[in-house]
Amino acid sequence: MTIEAADYVIAGGGSAGCVLAARLSEDPGCRVVLLEAGGEGDRFMANMPSGCYTMLAKPAADWMYMTEPDPSLGGRQVMWSAGKMLGGGSSINGMMYIRGSRADYDSWERDLGCDGWGWDAVQSYFRKSEDFNGAPGQSHAVGGPLGVTLPRRVHPLSRAFIAACGDAGLRKVDDYCSGDIDGAFLSFVTQRAGQRSSTARAFLSKATKRPNLTVLTGALVDKVLIDDGRATGVQFIQDGEVRTVSARREVIVSASTMQSPAILLRSGIGPADALQAQGIPVVVDAPEVGKNLQEHASVATSLLVDIPTVNTRMGPVRLALGMAGYLLARRGIMTITPVEAMAFLRSEPGLKEPDIKLQFGPLAFDPATHGPHKKPGVVIYANVAKPRSRGEIRLRSVDPRDAPVIDHRLLGAPEDVAALIKGLKQVDSIMREPSFRGHLRGRIAPADIPRNDEEWEQSIRSRAGIGYHPVGTCRMGGDAASVVDPRLSVRGVAGLRVADASVMPIMPSANTNAPAIMVGEKAADLIRADAA
């Protein structure tokens, strides 16, 4: 079955895909079709901030990808959650809003040939999206679709954490959205008036009223159709039927770091030997498709404290009162976020830029039950901000219903492990600083402080999980080997782009949702400029 042709066909309705659909359909002379494998994103549990806890690890809302056994984690397999609905990760994530550092993007441009992707250029796209609810400043903007604000209620221990970081010699950063993340700060979240501001709600809800935009959910993209070196449409599966939609101008793949390379591979764009092994005709021999996979290895330190935290307010009565507060005023426990404060520090004093990212939340889980701890507790997640460890995405089969192979070494680089050991030691020191130590009442995880670096490494490898920030598998660059060029065009195929977190050549020092939204904004402008 063939659907009526569109000017632009967008394969994937995640964080960047919703932005693209909204921005490209602003031109009434263009017809846009957006294909999303999951369901609607603008719904009650997605809009309620705490609703993400009910959607994770549920197949209707979460892709629930399983990795291959990871030797760097002792052979463990790890579930990589990803939003399976319009809005993608922005509909199911922790709502952290952080852009990264000036140095991240300037390095993309200066060192990797990503012309037009330096800090000053991308900052204008961060601001374009934003509707900021806070003190005005040059780094922020109002009037955009995306709600950005502090949490409605900040726990006192989040402020105590920032004060303790100051005791330890870290700066208090006044405006971390200016490209300066060198220190500690309260975190902004993607919320508006106590509700999640996903890209499905912020960008797409109004755009779907336009007659020139068609959004198809339950539409699993198989491959891009390519004729004589040009993308001409997309083949997908909906309601068990194979369908196609043709593209008069361009196809934009925006299906995530895991799925975008898989779509390219099924389309015949990838390493020739791997394509031939699957019986896929080679359109472009592109060895780097699926390579360069990066993810934050996240290691938690959980501590018992002396005042109530979110996990001790989850009894039936309190949750019922919390739901009433949310329904009446969009306030209370249902508006919580898992992280309220962040800090960046150096594993080595002489480093030019911070290399360890900390995230603090007033919420602790019991390692035995994986549920909320019965006693008050806090958690500090530590990541290597820009990990050196790498992995790859491969096809399991040519069937798009088969999840791609995620073959990663989350802690494959010894430098990452060494940096985490030093960073976690600093976490323990920070929490014993005067501004916080009076609140401490014991340890949750690790139960005992490791005695030496060997025990630290064993603890890290046995407990590390993901940071929910995969990037890099359709790498952008100025070199001929990169998958896409700086205008996000796929090398070797006309009329085809990739626009999502997969194009990021190196992970920015940040949670990656805001950068993915920025990619969608910039991609829309590049597409319109090239069509002019």
# chains A, B, ... in the order shown; residues from 1 in each chain; ligands from 1
>>> residues_around(residues="region 296-300 of chain A", least_positions_apart="3", cutoff="9 Å", atoms="only C-alpha atoms", output="tab-separated table (two decimals) with N, CA and C atoms, in the first residue's frame")
chain	number	residue	atom	x	y	z
A	379	VAL	N	20.81	9.88	46.54
A	379	VAL	CA	21.68	9.20	45.58
A	379	VAL	C	22.50	10.21	44.82
A	380	ILE	N	23.73	9.85	44.52
A	380	ILE	CA	24.60	10.65	43.67
A	380	ILE	C	25.10	9.73	42.56
A	381	TYR	N	24.69	10.03	41.33
A	381	TYR	CA	25.15	9.26	40.17
A	381	TYR	C	26.41	9.91	39.61
A	382	ALA	N	27.41	9.09	39.33
A	382	ALA	CA	28.66	9.59	38.74
A	382	ALA	C	28.84	9.00	37.35
A	383	ASN	N	29.21	9.86	36.40
A	383	ASN	CA	29.55	9.43	35.03
A	383	ASN	C	30.89	10.05	34.65
A	384	VAL	N	31.58	9.40	33.73
A	384	VAL	CA	32.64	10.09	32.98
A	384	VAL	C	31.93	10.95	31.94
A	385	ALA	N	32.15	12.26	31.99
A	385	ALA	CA	31.34	13.18	31.18
A	385	ALA	C	31.43	12.87	29.70
A	386	LYS	N	32.63	12.62	29.21
A	386	LYS	CA	32.82	12.26	27.80
A	386	LYS	C	33.61	10.95	27.74
A	387	PRO	N	32.90	9.82	27.79
A	387	PRO	CA	33.58	8.53	27.90
A	387	PRO	C	34.42	8.18	26.68
A	410	LEU	N	30.76	-0.91	28.04
A	410	LEU	CA	30.40	0.29	28.78
A	410	LEU	C	31.59	0.85	29.57
A	411	LEU	N	32.44	-0.04	30.04
A	411	LEU	CA	33.66	0.36	30.74
A	411	LEU	C	34.87	-0.28	30.07
A	416	ASP	N	38.42	5.34	31.55
A	416	ASP	CA	37.11	5.63	32.14
A	416	ASP	C	37.01	5.07	33.56
A	420	LEU	N	36.56	7.20	37.02
A	420	LEU	CA	35.44	6.94	37.92
A	420	LEU	C	35.92	6.64	39.34
A	424	LEU	N	34.55	8.90	42.28
A	424	LEU	CA	33.73	8.35	43.37
A	424	LEU	C	34.38	8.59	44.73
A	445	ALA	N	24.54	1.98	49.27
A	445	ALA	CA	25.35	1.35	48.23
A	445	ALA	C	26.45	2.31	47.78
A	446	PRO	N	27.67	1.82	47.70
A	446	PRO	CA	28.09	0.52	48.22
A	446	PRO	C	27.99	0.50	49.75
A	460	ILE	N	32.70	-0.86	40.87
A	460	ILE	CA	32.21	-0.13	39.70
A	460	ILE	C	31.72	-1.08	38.62
A	461	ARG	N	32.53	-2.08	38.29
A	461	ARG	CA	32.15	-3.00	37.22
A	461	ARG	C	30.93	-3.85	37.59
A	463	ARG	N	28.40	-2.83	39.54
A	463	ARG	CA	27.19	-2.05	39.80
A	463	ARG	C	26.84	-1.07	38.69
A	464	ALA	N	27.75	-0.78	37.78
A	464	ALA	CA	27.51	0.26	36.77
A	464	ALA	C	26.32	-0.07	35.89
A	465	GLY	N	25.52	0.95	35.62
A	465	GLY	CA	24.42	0.83	34.67
A	465	GLY	C	24.54	1.92	33.63
A	466	ILE	N	23.46	2.13	32.88
A	466	ILE	CA	23.52	3.13	31.81
A	466	ILE	C	23.05	4.49	32.32
A	467	GLY	N	23.40	5.52	31.56
A	467	GLY	CA	22.96	6.87	31.86
A	467	GLY	C	21.80	7.32	30.99
A	468	TYR	N	21.32	6.45	30.09
A	468	TYR	CA	20.20	6.76	29.18
A	468	TYR	C	20.60	7.86	28.18
A	469	HIS	N	21.86	7.85	27.74
A	469	HIS	CA	22.34	8.92	26.85
A	469	HIS	C	23.14	8.37	25.68
A	470	PRO	N	22.65	7.38	24.92
A	470	PRO	CA	23.45	6.85	23.81
A	470	PRO	C	23.54	7.84	22.65
A	507	MET	N	30.15	12.60	22.60
A	507	MET	CA	29.10	12.98	23.55
A	507	MET	C	29.43	14.31	24.22
A	511	ASN	N	23.55	15.43	29.88
A	511	ASN	CA	22.44	14.57	29.49
A	511	ASN	C	22.04	15.03	28.08
>>> closest_atom_pairs(of="region 106-209 of chain A", to="region 79-90 of chain A", cutoff="6 Å", atoms="only C-alpha atoms", output="JSON lines")
{"residue": "A:Ser198", "atom": "CA", "partner": "A:Ser90", "partner_atom": "CA", "distance": 4.8}
{"residue": "A:Thr199", "atom": "CA", "partner": "A:Gly87", "partner_atom": "CA", "distance": 5.0}
{"residue": "A:Ala200", "atom": "CA", "partner": "A:Gly87", "partner_atom": "CA", "distance": 4.4}
>>> closest_residue(among="A:Ser246, A:Asn513, A:Gln238, A:Gln294", to="Arg475 (chain A)", atoms="only C-alpha atoms")
A:Gln294
>>> select_by_dssp(residues="region 409-527 of chain A", states="strand (DSSP E or B)", output="list in words")
Leu440, Arg441, Gly442, Arg443, Ile444, Ala445, Gly465, Ile466, Val471, Met476, Val484, Ser489, Val490, Ala494, Leu496, Arg497 and Val498 of chain A
>>> closest_atom_pairs(of="region 320-393 of chain A", to="region 172-182 of chain A", cutoff="10 Å", atoms="only C-alpha atoms", output="Markdown table")
| residue | atom | partner | partner_atom | distance |
| --- | --- | --- | --- | --- |
| A:Met342 | CA | A:Ile181 | CA | 9.2 |
| A:Ala343 | CA | A:Asp182 | CA | 7.6 |
| A:Phe344 | CA | A:Asp182 | CA | 5.6 |
| A:Leu345 | CA | A:Asp182 | CA | 6.9 |
| A:Arg346 | CA | A:Asp182 | CA | 9.1 |
| A:Glu353 | CA | A:Asp182 | CA | 7.5 |
| A:Pro354 | CA | A:Asp182 | CA | 6.4 |
| A:Asp355 | CA | A:Asp182 | CA | 9.7 |
| A:Lys357 | CA | A:Ile181 | CA | 9.6 |
>>> write_last_selection(atoms="N, CA and C atoms", output="PDB file, in the first residue's frame")
ATOM      1  N   MET A 342      23.375  19.188  40.126  1.00  0.00           N
ATOM      2  CA  MET A 342      24.467  18.567  39.386  1.00  0.00           C
ATOM      3  C   MET A 342      25.782  19.242  39.758  1.00  0.00           C
ATOM      4  N   ALA A 343      26.864  18.533  39.503  1.00  0.00           N
ATOM      5  CA  ALA A 343      28.200  19.107  39.688  1.00  0.00           C
ATOM      6  C   ALA A 343      29.155  18.454  38.699  1.00  0.00           C
ATOM      7  N   PHE A 344      30.105  19.223  38.231  1.00  0.00           N
ATOM      8  CA  PHE A 344      31.170  18.721  37.362  1.00  0.00           C
ATOM      9  C   PHE A 344      32.498  18.956  38.068  1.00  0.00           C
ATOM     10  N   LEU A 345      33.324  17.924  38.105  1.00  0.00           N
ATOM     11  CA  LEU A 345      34.616  18.029  38.780  1.00  0.00           C
ATOM     12  C   LEU A 345      35.691  17.342  37.961  1.00  0.00           C
ATOM     13  N   ARG A 346      36.924  17.486  38.408  1.00  0.00           N
ATOM     14  CA  ARG A 346      38.070  16.927  37.701  1.00  0.00           C
ATOM     15  C   ARG A 346      38.598  15.709  38.445  1.00  0.00           C
ATOM     16  N   GLU A 353      39.355  20.820  31.438  1.00  0.00           N
ATOM     17  CA  GLU A 353      37.905  20.785  31.593  1.00  0.00           C
ATOM     18  C   GLU A 353      37.523  19.700  32.597  1.00  0.00           C
ATOM     19  N   PRO A 354      36.392  19.873  33.304  1.00  0.00           N
ATOM     20  CA  PRO A 354      35.911  18.796  34.189  1.00  0.00           C
ATOM     21  C   PRO A 354      35.614  17.535  33.385  1.00  0.00           C
ATOM     22  N   ASP A 355      35.884  16.377  33.972  1.00  0.00           N
ATOM     23  CA  ASP A 355      35.634  15.122  33.255  1.00  0.00           C
ATOM     24  C   ASP A 355      34.690  14.180  33.999  1.00  0.00           C
ATOM     25  N   LYS A 357      30.879  13.929  35.847  1.00  0.00           N
ATOM     26  CA  LYS A 357      29.563  14.545  36.031  1.00  0.00           C
ATOM     27  C   LYS A 357      28.847  13.853  37.187  1.00  0.00           C
TER      28      LYS A 357
END
>>> residues_around(residues="Phe44 (chain A)", least_positions_apart="4", cutoff="10 Å", atoms="only C-alpha atoms", output="count of residues only")
5
